[in-house]
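Undergrad: This is final30.pdb (PDB, C-alpha atoms).
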```
ATOM      1  CA  MET Y   1      -6.047 -38.363   9.854  1.00  0.00           C
ATOM      2  CA  ALA Y   2      -7.443 -39.227  13.274  1.00  0.00           C
ATOM      3  CA  ARG Y   3      -9.215 -37.170  15.890  1.00  0.00           C
ATOM      4  CA  GLN Y   4      -8.192 -37.176  19.492  1.00  0.00           C
ATOM      5  CA  LYS Y   5     -10.911 -38.117  22.013  1.00  0.00           C
ATOM      6  CA  GLY Y   6     -10.977 -38.160  25.763  1.00  0.00           C
ATOM      7  CA  PRO Y   7     -10.278 -35.635  28.506  1.00  0.00           C
ATOM      8  CA  PHE Y   8      -6.591 -35.151  27.644  1.00  0.00           C
ATOM      9  CA  LYS Y   9      -5.656 -32.628  24.998  1.00  0.00           C
ATOM     10  CA  ALA Y  10      -2.115 -32.701  23.653  1.00  0.00           C
ATOM     11  CA  SER Y  11      -0.053 -30.922  21.075  1.00  0.00           C
ATOM     12  CA  GLY Y  12       3.431 -31.718  19.823  1.00  0.00           C
ATOM     13  CA  THR Y  13       5.215 -34.797  18.507  1.00  0.00           C
ATOM     14  CA  ILE Y  14       5.601 -38.269  19.946  1.00  0.00           C
ATOM     15  CA  SER Y  15       7.722 -40.600  17.844  1.00  0.00           C
ATOM     16  CA  ASP Y  16       6.214 -40.391  14.338  1.00  0.00           C
ATOM     17  CA  VAL Y  17       2.830 -39.014  15.476  1.00  0.00           C
ATOM     18  CA  VAL Y  18       2.027 -35.294  15.501  1.00  0.00           C
ATOM     19  CA  PHE Y  19      -0.689 -33.907  17.789  1.00  0.00           C
ATOM     20  CA  TYR Y  20      -2.102 -30.475  16.972  1.00  0.00           C
ATOM     21  CA  LYS Y  21      -5.204 -28.331  17.432  1.00  0.00           C
ATOM     22  CA  SER Y  22      -7.343 -27.354  14.444  1.00  0.00           C
ATOM     23  CA  LYS Y  23     -10.770 -25.845  13.917  1.00  0.00           C
ATOM     24  CA  PHE Y  24     -12.089 -29.416  13.879  1.00  0.00           C
ATOM     25  CA  GLY Y  25     -10.635 -30.195  17.279  1.00  0.00           C
ATOM     26  CA  TYR Y  26      -7.434 -31.996  18.279  1.00  0.00           C
ATOM     27  CA  ILE Y  27      -5.973 -33.961  15.361  1.00  0.00           C
ATOM     28  CA  LEU Y  28      -3.393 -36.737  15.035  1.00  0.00           C
ATOM     29  CA  ARG Y  29      -1.365 -37.332  11.873  1.00  0.00           C
ATOM     30  CA  SER Y  30       1.822 -39.116  10.929  1.00  0.00           C
ATOM     31  CA  LYS Y  31       4.982 -37.066  10.855  1.00  0.00           C
ATOM     32  CA  GLY Y  32       6.042 -36.111   7.330  1.00  0.00           C
ATOM     33  CA  SER Y  33       9.550 -36.188   5.894  1.00  0.00           C
ATOM     34  CA  LEU Y  34       9.496 -32.551   4.813  1.00  0.00           C
ATOM     35  CA  ASN Y  35      11.547 -30.221   6.987  1.00  0.00           C
ATOM     36  CA  ARG Y  36      13.301 -26.875   6.762  1.00  0.00           C
ATOM     37  CA  LYS Y  37      16.717 -28.362   6.030  1.00  0.00           C
ATOM     38  CA  ARG Y  38      15.366 -30.394   3.121  1.00  0.00           C
ATOM     39  CA  ILE Y  39      13.654 -27.321   1.612  1.00  0.00           C
ATOM     40  CA  GLN Y  40      16.919 -25.391   1.882  1.00  0.00           C
ATOM     41  CA  LYS Y  41      19.120 -28.097   0.300  1.00  0.00           C
ATOM     42  CA  ASP Y  42      17.074 -30.515  -1.802  1.00  0.00           C
ATOM     43  CA  PRO Y  43      17.276 -29.714  -5.572  1.00  0.00           C
ATOM     44  CA  ALA Y  44      13.621 -30.744  -5.858  1.00  0.00           C
ATOM     45  CA  PHE Y  45      12.700 -27.592  -3.922  1.00  0.00           C
ATOM     46  CA  SER Y  46      14.723 -25.116  -6.003  1.00  0.00           C
ATOM     47  CA  ARG Y  47      11.550 -23.393  -7.219  1.00  0.00           C
ATOM     48  CA  THR Y  48      10.302 -23.150  -3.645  1.00  0.00           C
ATOM     49  CA  ARG Y  49      13.551 -21.482  -2.589  1.00  0.00           C
ATOM     50  CA  GLU Y  50      13.361 -19.054  -5.515  1.00  0.00           C
ATOM     51  CA  ASN Y  51       9.767 -18.140  -4.707  1.00  0.00           C
ATOM     52  CA  ASN Y  52      10.559 -17.723  -1.016  1.00  0.00           C
ATOM     53  CA  SER Y  53      13.485 -15.436  -1.803  1.00  0.00           C
ATOM     54  CA  GLU Y  54      11.390 -13.180  -4.005  1.00  0.00           C
ATOM     55  CA  PHE Y  55       8.517 -13.209  -1.530  1.00  0.00           C
ATOM     56  CA  ILE Y  56      10.901 -11.956   1.164  1.00  0.00           C
ATOM     57  CA  THR Y  57      12.041  -9.187  -1.197  1.00  0.00           C
ATOM     58  CA  ALA Y  58       8.400  -8.260  -1.752  1.00  0.00           C
ATOM     59  CA  THR Y  59       7.546  -8.132   1.957  1.00  0.00           C
ATOM     60  CA  LYS Y  60      10.583  -5.950   2.666  1.00  0.00           C
ATOM     61  CA  GLY Y  61       9.522  -3.597  -0.121  1.00  0.00           C
ATOM     62  CA  VAL Y  62       5.989  -3.407   1.253  1.00  0.00           C
ATOM     63  CA  LYS Y  63       7.321  -2.633   4.727  1.00  0.00           C
ATOM     64  CA  THR Y  64       9.391   0.251   3.353  1.00  0.00           C
ATOM     65  CA  LEU Y  65       6.468   1.621   1.350  1.00  0.00           C
ATOM     66  CA  ARG Y  66       4.124   1.438   4.328  1.00  0.00           C
ATOM     67  CA  SER Y  67       6.703   3.083   6.570  1.00  0.00           C
ATOM     68  CA  ALA Y  68       7.054   5.977   4.127  1.00  0.00           C
ATOM     69  CA  PHE Y  69       3.320   6.733   4.200  1.00  0.00           C
ATOM     70  CA  ARG Y  70       2.519   5.516   7.706  1.00  0.00           C
ATOM     71  CA  SER Y  71       1.083   8.859   8.855  1.00  0.00           C
ATOM     72  CA  LEU Y  72      -1.571   8.661   6.133  1.00  0.00           C
ATOM     73  CA  ILE Y  73      -2.237   4.944   5.917  1.00  0.00           C
ATOM     74  CA  HIS Y  74      -3.506   4.682   9.489  1.00  0.00           C
ATOM     75  CA  SER Y  75      -6.528   6.856   8.593  1.00  0.00           C
ATOM     76  CA  VAL Y  76      -7.593   4.541   5.742  1.00  0.00           C
ATOM     77  CA  SER Y  77      -6.193   1.264   7.005  1.00  0.00           C
ATOM     78  CA  HIS Y  78      -7.829  -1.916   5.739  1.00  0.00           C
ATOM     79  CA  PRO Y  79      -7.413  -5.381   7.317  1.00  0.00           C
ATOM     80  CA  PHE Y  80      -6.105  -6.894   4.072  1.00  0.00           C
ATOM     81  CA  LEU Y  81      -3.790  -4.025   3.120  1.00  0.00           C
ATOM     82  CA  ALA Y  82      -0.527  -5.898   3.734  1.00  0.00           C
ATOM     83  CA  GLY Y  83      -1.643  -8.874   1.670  1.00  0.00           C
ATOM     84  CA  ARG Y  84      -2.915  -6.714  -1.186  1.00  0.00           C
ATOM     85  CA  LEU Y  85       0.288  -4.690  -1.313  1.00  0.00           C
ATOM     86  CA  THR Y  86       2.436  -7.832  -1.152  1.00  0.00           C
ATOM     87  CA  ARG Y  87       0.546  -9.334  -4.086  1.00  0.00           C
ATOM     88  CA  GLU Y  88       1.247  -6.194  -6.138  1.00  0.00           C
ATOM     89  CA  MET Y  89       4.899  -6.121  -5.111  1.00  0.00           C
ATOM     90  CA  VAL Y  90       5.334  -9.758  -6.153  1.00  0.00           C
ATOM     91  CA  ARG Y  91       3.867  -8.795  -9.529  1.00  0.00           C
ATOM     92  CA  ILE Y  92       6.435  -5.995  -9.816  1.00  0.00           C
ATOM     93  CA  ILE Y  93       9.297  -8.350  -8.961  1.00  0.00           C
ATOM     94  CA  ARG Y  94       8.133 -10.887 -11.549  1.00  0.00           C
ATOM     95  CA  ALA Y  95       8.136  -8.113 -14.156  1.00  0.00           C
ATOM     96  CA  ASP Y  96      11.940  -7.905 -13.797  1.00  0.00           C
ATOM     97  CA  LEU Y  97      13.275  -9.253 -17.102  1.00  0.00           C
ATOM     98  CA  ILE Y  98      16.967  -8.845 -16.251  1.00  0.00           C
ATOM     99  CA  HIS Y  99      17.709 -10.968 -13.191  1.00  0.00           C
ATOM    100  CA  ASP Y 100      17.337 -14.738 -12.821  1.00  0.00           C
ATOM    101  CA  ARG Y 101      14.462 -16.331 -10.938  1.00  0.00           C
ATOM    102  CA  GLY Y 102      14.943 -16.033  -7.218  1.00  0.00           C
ATOM    103  CA  LYS Y 103      17.131 -12.947  -7.685  1.00  0.00           C
ATOM    104  CA  ARG Y 104      14.638 -10.594  -9.316  1.00  0.00           C
ATOM    105  CA  VAL Y 105      14.337  -7.165  -7.734  1.00  0.00           C
ATOM    106  CA  ILE Y 106      11.985  -4.211  -7.309  1.00  0.00           C
ATOM    107  CA  ALA Y 107      13.019  -2.331 -10.437  1.00  0.00           C
ATOM    108  CA  ASN Y 108      12.132   1.365 -10.731  1.00  0.00           C
ATOM    109  CA  GLU Y 109      10.661   1.012 -14.209  1.00  0.00           C
ATOM    110  CA  ASN Y 110       8.158  -1.589 -12.984  1.00  0.00           C
ATOM    111  CA  LEU Y 111       6.861   0.386  -9.989  1.00  0.00           C
ATOM    112  CA  VAL Y 112       4.434   2.113 -12.334  1.00  0.00           C
ATOM    113  CA  LEU Y 113       2.314  -1.017 -11.864  1.00  0.00           C
ATOM    114  CA  LEU Y 114       1.348   0.428  -8.467  1.00  0.00           C
ATOM    115  CA  GLU Y 115      -0.382   3.437 -10.009  1.00  0.00           C
ATOM    116  CA  GLY Y 116      -4.068   3.400  -9.161  1.00  0.00           C
ATOM    117  CA  PHE Y 117      -3.623   1.267  -6.040  1.00  0.00           C
ATOM    118  CA  ASP Y 118      -6.271   2.151  -3.422  1.00  0.00           C
ATOM    119  CA  PHE Y 119      -5.229   1.736   0.197  1.00  0.00           C
ATOM    120  CA  ASN Y 120      -8.912   1.553   1.143  1.00  0.00           C
ATOM    121  CA  PRO Y 121     -10.669  -0.694  -1.411  1.00  0.00           C
ATOM    122  CA  GLU Y 122     -14.029   0.123   0.171  1.00  0.00           C
ATOM    123  CA  ALA Y 123     -13.523   3.764  -0.848  1.00  0.00           C
ATOM    124  CA  PRO Y 124     -11.713   3.761  -4.223  1.00  0.00           C
ATOM    125  CA  ILE Y 125     -10.695   7.252  -5.244  1.00  0.00           C
ATOM    126  CA  THR Y 126     -12.231   6.864  -8.717  1.00  0.00           C
ATOM    127  CA  LYS Y 127     -15.674   6.691  -7.076  1.00  0.00           C
ATOM    128  CA  ILE Y 128     -15.101   9.639  -4.736  1.00  0.00           C
ATOM    129  CA  LEU Y 129     -12.906  12.232  -6.440  1.00  0.00           C
ATOM    130  CA  PHE Y 130     -14.106  13.371  -9.867  1.00  0.00           C
ATOM    131  CA  ALA Y 131     -12.249  16.677  -9.980  1.00  0.00           C
ATOM    132  CA  PRO Y 132      -9.525  16.613 -12.642  1.00  0.00           C
ATOM    133  CA  TYR Y 133      -5.933  17.202 -11.640  1.00  0.00           C
ATOM    134  CA  LYS Y 134      -2.505  17.285 -13.264  1.00  0.00           C
ATOM    135  CA  ILE Y 135       0.782  16.047 -11.826  1.00  0.00           C
ATOM    136  CA  THR Y 136       4.016  17.468 -13.234  1.00  0.00           C
ATOM    137  CA  ILE Y 137       7.412  16.152 -12.124  1.00  0.00           C
ATOM    138  CA  ASN Y 138      10.689  17.669 -13.237  1.00  0.00           C
ATOM    139  CA  GLN Y 139      13.422  15.409 -11.918  1.00  0.00           C
ATOM    140  CA  GLU Y 140      16.243  17.510 -13.370  1.00  0.00           C
ATOM    141  CA  LYS Y 141      15.109  20.685 -11.570  1.00  0.00           C
ATOM    142  CA  GLY Y 142      13.777  18.888  -8.519  1.00  0.00           C
ATOM    143  CA  GLU Y 143      10.241  20.251  -8.805  1.00  0.00           C
ATOM    144  CA  LEU Y 144       6.860  18.607  -8.360  1.00  0.00           C
ATOM    145  CA  LEU Y 145       3.510  20.299  -8.942  1.00  0.00           C
ATOM    146  CA  VAL Y 146      -0.054  19.028  -8.514  1.00  0.00           C
ATOM    147  CA  ILE Y 147      -2.840  21.305  -9.797  1.00  0.00           C
ATOM    148  CA  PHE Y 148      -6.600  20.971  -9.313  1.00  0.00           C
ATOM    149  CA  PRO Y 149      -8.469  23.428 -11.571  1.00  0.00           C
ATOM    150  CA  PRO Y 150     -11.537  25.106  -9.976  1.00  0.00           C
ATOM    151  CA  PHE Y 151     -14.401  22.684  -9.353  1.00  0.00           C
ATOM    152  CA  VAL Y 152     -17.798  22.529  -7.664  1.00  0.00           C
ATOM    153  CA  SER Y 153     -17.546  20.259  -4.643  1.00  0.00           C
ATOM    154  CA  ARG Y 154     -21.094  18.908  -4.922  1.00  0.00           C
ATOM    155  CA  GLU Y 155     -20.377  17.706  -8.456  1.00  0.00           C
ATOM    156  CA  SER Y 156     -16.775  16.605  -8.069  1.00  0.00           C
ATOM    157  CA  ILE Y 157     -16.690  15.061  -4.590  1.00  0.00           C
ATOM    158  CA  LYS Y 158     -18.959  12.154  -3.647  1.00  0.00           C
ATOM    159  CA  ALA Y 159     -19.281  12.867   0.051  1.00  0.00           C
ATOM    160  CA  PRO Y 160     -21.082  10.567   2.501  1.00  0.00           C
ATOM    161  CA  SER Y 161     -24.266  11.822   4.105  1.00  0.00           C
ATOM    162  CA  LYS Y 162     -23.868  14.251   7.014  1.00  0.00           C
ATOM    163  CA  THR Y 163     -20.530  15.437   5.631  1.00  0.00           C
ATOM    164  CA  ALA Y 164     -19.832  19.102   6.297  1.00  0.00           C
ATOM    165  CA  TYR Y 165     -16.244  19.414   5.137  1.00  0.00           C
ATOM    166  CA  PHE Y 166     -13.579  17.593   3.211  1.00  0.00           C
ATOM    167  CA  LYS Y 167      -9.837  17.913   2.739  1.00  0.00           C
ATOM    168  CA  ILE Y 168      -7.565  16.891  -0.116  1.00  0.00           C
ATOM    169  CA  THR Y 169      -4.133  15.581   0.776  1.00  0.00           C
ATOM    170  CA  VAL Y 170      -1.094  15.145  -1.440  1.00  0.00           C
ATOM    171  CA  ALA Y 171       1.802  13.073  -0.073  1.00  0.00           C
ATOM    172  CA  ILE Y 172       5.155  12.566  -1.762  1.00  0.00           C
ATOM    173  CA  ALA Y 173       7.931  10.112  -0.986  1.00  0.00           C
ATOM    174  CA  GLU Y 174      11.262   9.375  -2.613  1.00  0.00           C
ATOM    175  CA  ILE Y 175      11.924   5.743  -1.721  1.00  0.00           C
ATOM    176  CA  ASP Y 176      15.155   3.752  -1.763  1.00  0.00           C
ATOM    177  CA  PHE Y 177      14.017   0.134  -1.567  1.00  0.00           C
ATOM    178  CA  GLU Y 178      17.581  -1.205  -1.453  1.00  0.00           C
ATOM    179  CA  LYS Y 179      18.539   0.856   1.606  1.00  0.00           C
ATOM    180  CA  LYS Y 180      15.008   0.792   3.081  1.00  0.00           C
ATOM    181  CA  ALA Y 181      15.077   4.589   3.337  1.00  0.00           C
ATOM    182  CA  PHE Y 182      12.800   7.399   2.194  1.00  0.00           C
ATOM    183  CA  VAL Y 183      12.148  11.143   2.198  1.00  0.00           C
ATOM    184  CA  PHE Y 184       8.528  12.042   2.898  1.00  0.00           C
ATOM    185  CA  ASN Y 185       6.490  15.244   2.564  1.00  0.00           C
ATOM    186  CA  GLN Y 186       2.780  15.873   2.988  1.00  0.00           C
ATOM    187  CA  GLN Y 187       0.477  18.815   2.265  1.00  0.00           C
ATOM    188  CA  GLU Y 188      -3.261  19.182   2.710  1.00  0.00           C
ATOM    189  CA  THR Y 189      -5.884  21.797   2.038  1.00  0.00           C
ATOM    190  CA  ASP Y 190      -7.873  23.604   4.671  1.00  0.00           C
ATOM    191  CA  ALA Y 191     -11.314  22.151   5.388  1.00  0.00           C
ATOM    192  CA  MET Y 192     -13.570  22.926   2.409  1.00  0.00           C
ATOM    193  CA  CYS Y 193     -17.359  22.929   2.346  1.00  0.00           C
ATOM    194  CA  ALA Y 194     -18.952  19.897   0.734  1.00  0.00           C
ATOM    195  CA  ASN Y 195     -22.280  21.657   0.035  1.00  0.00           C
ATOM    196  CA  GLY Y 196     -21.671  22.637  -3.571  1.00  0.00           C
ATOM    197  CA  ASP Y 197     -19.422  25.662  -3.231  1.00  0.00           C
ATOM    198  CA  LEU Y 198     -17.058  26.552  -6.053  1.00  0.00           C
ATOM    199  CA  ILE Y 199     -13.584  25.515  -4.958  1.00  0.00           C
ATOM    200  CA  PRO Y 200     -10.831  27.765  -6.402  1.00  0.00           C
ATOM    201  CA  GLU Y 201      -7.726  26.306  -8.024  1.00  0.00           C
ATOM    202  CA  ILE Y 202      -5.639  24.168  -5.676  1.00  0.00           C
ATOM    203  CA  ARG Y 203      -1.876  24.000  -6.133  1.00  0.00           C
ATOM    204  CA  PHE Y 204       0.510  21.700  -4.307  1.00  0.00           C
ATOM    205  CA  MET Y 205       4.184  22.539  -4.884  1.00  0.00           C
ATOM    206  CA  GLN Y 206       6.988  20.430  -3.483  1.00  0.00           C
ATOM    207  CA  ASN Y 207      10.759  20.306  -3.938  1.00  0.00           C
ATOM    208  CA  ILE Y 208      12.252  16.885  -4.570  1.00  0.00           C
ATOM    209  CA  THR Y 209      15.855  15.752  -4.932  1.00  0.00           C
ATOM    210  CA  ALA Y 210      17.219  17.072  -8.222  1.00  0.00           C
ATOM    211  CA  ASP Y 211      18.672  14.479 -10.601  1.00  0.00           C
ATOM    212  CA  SER Y 212      17.599  11.724  -8.235  1.00  0.00           C
ATOM    213  CA  LYS Y 213      17.752   8.102  -9.310  1.00  0.00           C
ATOM    214  CA  LEU Y 214      15.074   7.166  -6.808  1.00  0.00           C
ATOM    215  CA  PRO Y 215      11.410   6.631  -7.700  1.00  0.00           C
ATOM    216  CA  VAL Y 216       8.981   9.314  -6.550  1.00  0.00           C
ATOM    217  CA  PHE Y 217       5.539   8.268  -5.280  1.00  0.00           C
ATOM    218  CA  VAL Y 218       2.637  10.728  -5.341  1.00  0.00           C
ATOM    219  CA  LEU Y 219      -0.420   9.820  -3.253  1.00  0.00           C
ATOM    220  CA  ILE Y 220      -3.710  11.699  -3.305  1.00  0.00           C
ATOM    221  CA  GLY Y 221      -6.360  11.303  -0.637  1.00  0.00           C
ATOM    222  CA  VAL Y 222      -9.710  12.749   0.391  1.00  0.00           C
ATOM    223  CA  SER Y 223     -10.913  12.782   3.996  1.00  0.00           C
ATOM    224  CA  PHE Y 224     -14.346  13.735   5.304  1.00  0.00           C
ATOM    225  CA  TYR Y 225     -15.545  15.520   8.430  1.00  0.00           C
ATOM    226  CA  GLN Y 226     -18.862  16.185  10.121  1.00  0.00           C
ATOM    227  CA  LEU Y 227     -19.766  19.170  12.254  1.00  0.00           C
ATOM    228  CA  VAL Y 228     -20.788  18.512  15.868  1.00  0.00           C
ATOM    229  CA  ASN Y 229     -21.380  21.457  18.218  1.00  0.00           C
ATOM    230  CA  GLY Y 230     -19.224  23.655  16.065  1.00  0.00           C
ATOM    231  CA  ASN Y 231     -16.313  21.217  15.887  1.00  0.00           C
ATOM    232  CA  ALA Y 232     -15.189  19.141  12.895  1.00  0.00           C
ATOM    233  CA  TYR Y 233     -14.756  15.407  13.486  1.00  0.00           C
ATOM    234  CA  SER Y 234     -13.501  12.690  11.177  1.00  0.00           C
ATOM    235  CA  LEU Y 235     -16.465  10.815   9.746  1.00  0.00           C
ATOM    236  CA  ASN Y 236     -16.872   7.251  11.036  1.00  0.00           C
ATOM    237  CA  ASP Y 237     -13.191   6.878  11.934  1.00  0.00           C
ATOM    238  CA  GLY Y 238     -12.093   7.347   8.337  1.00  0.00           C
ATOM    239  CA  LYS Y 239     -14.216   4.548   6.881  1.00  0.00           C
ATOM    240  CA  PHE Y 240     -15.065   6.689   3.853  1.00  0.00           C
ATOM    241  CA  ASN Y 241     -11.626   8.260   3.411  1.00  0.00           C
ATOM    242  CA  CYS Y 242      -9.753   7.386   0.243  1.00  0.00           C
ATOM    243  CA  LEU Y 243      -6.043   7.280  -0.531  1.00  0.00           C
ATOM    244  CA  SER Y 244      -4.542   6.205  -3.819  1.00  0.00           C
ATOM    245  CA  ILE Y 245      -1.167   6.037  -5.555  1.00  0.00           C
ATOM    246  CA  ALA Y 246      -1.764   8.619  -8.271  1.00  0.00           C
ATOM    247  CA  LYS Y 247       1.659   8.521  -9.906  1.00  0.00           C
ATOM    248  CA  VAL Y 248       5.039   6.816  -9.691  1.00  0.00           C
ATOM    249  CA  ASP Y 249       7.981   8.510 -11.391  1.00  0.00           C
ATOM    250  CA  ARG Y 250      10.878   6.113 -11.795  1.00  0.00           C
ATOM    251  CA  GLY Y 251      13.614   8.746 -11.500  1.00  0.00           C
ATOM    252  CA  LEU Y 252      16.504   9.227 -13.908  1.00  0.00           C
ATOM    253  CA  ARG Y 253      17.731   5.636 -13.626  1.00  0.00           C
ATOM    254  CA  GLY Y 254      17.197   3.690 -16.805  1.00  0.00           C
ATOM    255  CA  PHE Y 255      16.453   6.641 -19.102  1.00  0.00           C
TER
END
```
Using structure tokens, write down the structure from this file.

TA:
Amino acid sequence: MARQKGPFKASGTISDVVFYKSKFGYILRSKGSLNRKRIQKDPAFSRTRENNSEFITATKGVKTLRSAFRSLIHSVSHPFLAGRLTREMVRIIRADLIHDRGKRVIANENLVLLEGFDFNPEAPITKILFAPYKITINQEKGELLVIFPPFVSRESIKAPSKTAYFKITVAIAEIDFEKKAFVFNQQETDAMCANGDLIPEIRFMQNITADSKLPVFVLIGVSFYQLVNGNAYSLNDGKFNCLSIAKVDRGLRGF
């Protein structure tokens, strides 16, 4: 590898020499024999083609999942979210024991691997929400219920300093990864005091598609607010908000 000196800065290819810019300055190197056509046809790159195919399947799945929960994700967005989700989706695809390499899919029964995923790793829900809850899904009747028994907010919610209120959100999505389609619903509590008050039982009830073969995702989040001149404002642009995949029900397929 050689470095380019002098007043002229070039990028591109001349004969068998490639000029390009790097963090070390402008670099020269010899042109390699590897190209897109060779990767697509050469038997030596069969594993590369298989991995690329499954990676594309993973990225498409992540895009669908993010689209389903877009209205919530923006409030807890993290710069490495796409990469973290893609890594998990690749893991799900590799858990497919039916299809051949390169043709493995996002199988409903393996989506349970996403349970516990925190969209904001700097605010994992296990370190913020200590109130117990129960999720009940009846696919045959098309009913979903999330219940929080009464709890004391000071003991069950780890709120940042200067927090006046908090809200609990439950979001549900039935996702068809093959068709890149979804049905989304969201409910949230009113603003509740974070000063130690006893919070009465919270119930989230939602109808879902009866006898559906699609997986159902249940997300639970907590958002915080401070009081300024009588008005509630999101605390630090959502830095402390948490959102997690609490449950994935795989639907009736495969039972």

Undergrad: Carefully work through the PyMOL selection byres ((chain Y and resi 76-80) around 12) for this structure and note down the residues it includes, as a VMD selection string.

TA: chain Y and resid 66 69 to 75 81 to 87 118 to 125 221 to 224 234 to 244

Undergrad: Starting from the PyMOL selection byres ((chain Y and resi 130) around 10), expand the selection into actual residues of this file and give them as a compact mmCIF listing (two decimals) with C-alpha atoms, in the coordinates of the input.

TA:
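Result file part01.txt:
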```txt
# COMPACT_ATOMS: atom_id res chain seq x y z
CA ILE Y 125 -10.70 7.25 -5.24
CA THR Y 126 -12.23 6.86 -8.72
CA LYS Y 127 -15.67 6.69 -7.08
CA ILE Y 128 -15.10 9.64 -4.74
CA LEU Y 129 -12.91 12.23 -6.44
CA ALA Y 131 -12.25 16.68 -9.98
CA PRO Y 132 -9.52 16.61 -12.64
CA TYR Y 133 -5.93 17.20 -11.64
CA PHE Y 151 -14.40 22.68 -9.35
CA SER Y 153 -17.55 20.26 -4.64
CA GLU Y 155 -20.38 17.71 -8.46
CA SER Y 156 -16.77 16.60 -8.07
CA ILE Y 157 -16.69 15.06 -4.59
CA LYS Y 158 -18.96 12.15 -3.65
```

Undergrad: Counting all atoms listed in the file, I want the residues whose atoms come within 7 Å of (7.4, 6.0, -3.9) in the file frame, returned as JSON, numbers by chain.

TA: {"Y": [65, 173, 174, 175, 215, 216, 217, 218, 248]}

Undergrad: Could you tell me how far atom CA of Val62 of chain Y lies from atom CA of Leu114 of chain Y, in Å and to one decimal?

TA: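 Those two atoms sit 11.4 Å apart.
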
Undergrad: Return the single residue from Y:Pro149, Y:Gly61, Y:Gly230, Y:Gly251 that is closest to Ile92 of chain Y, with distances computed using all atoms listed in the file.

TA: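 Closest to Ile92 of chain Y, using all atoms listed in the file: Y:Gly61.
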
Undergrad: If we count all atoms listed in the file and set the cut-off at 9 Å, which residues sit around Arg94 of chain Y, ignoring sequence neighbours fewer than 3 positions away in its own chain? Please answer as a list in words.

TA: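 Final neighbour list, sorted by chain and number: Glu54, Met89, Val90, Arg91, Leu97, Arg101, Arg104, Val105 and Ile106 of chain Y.
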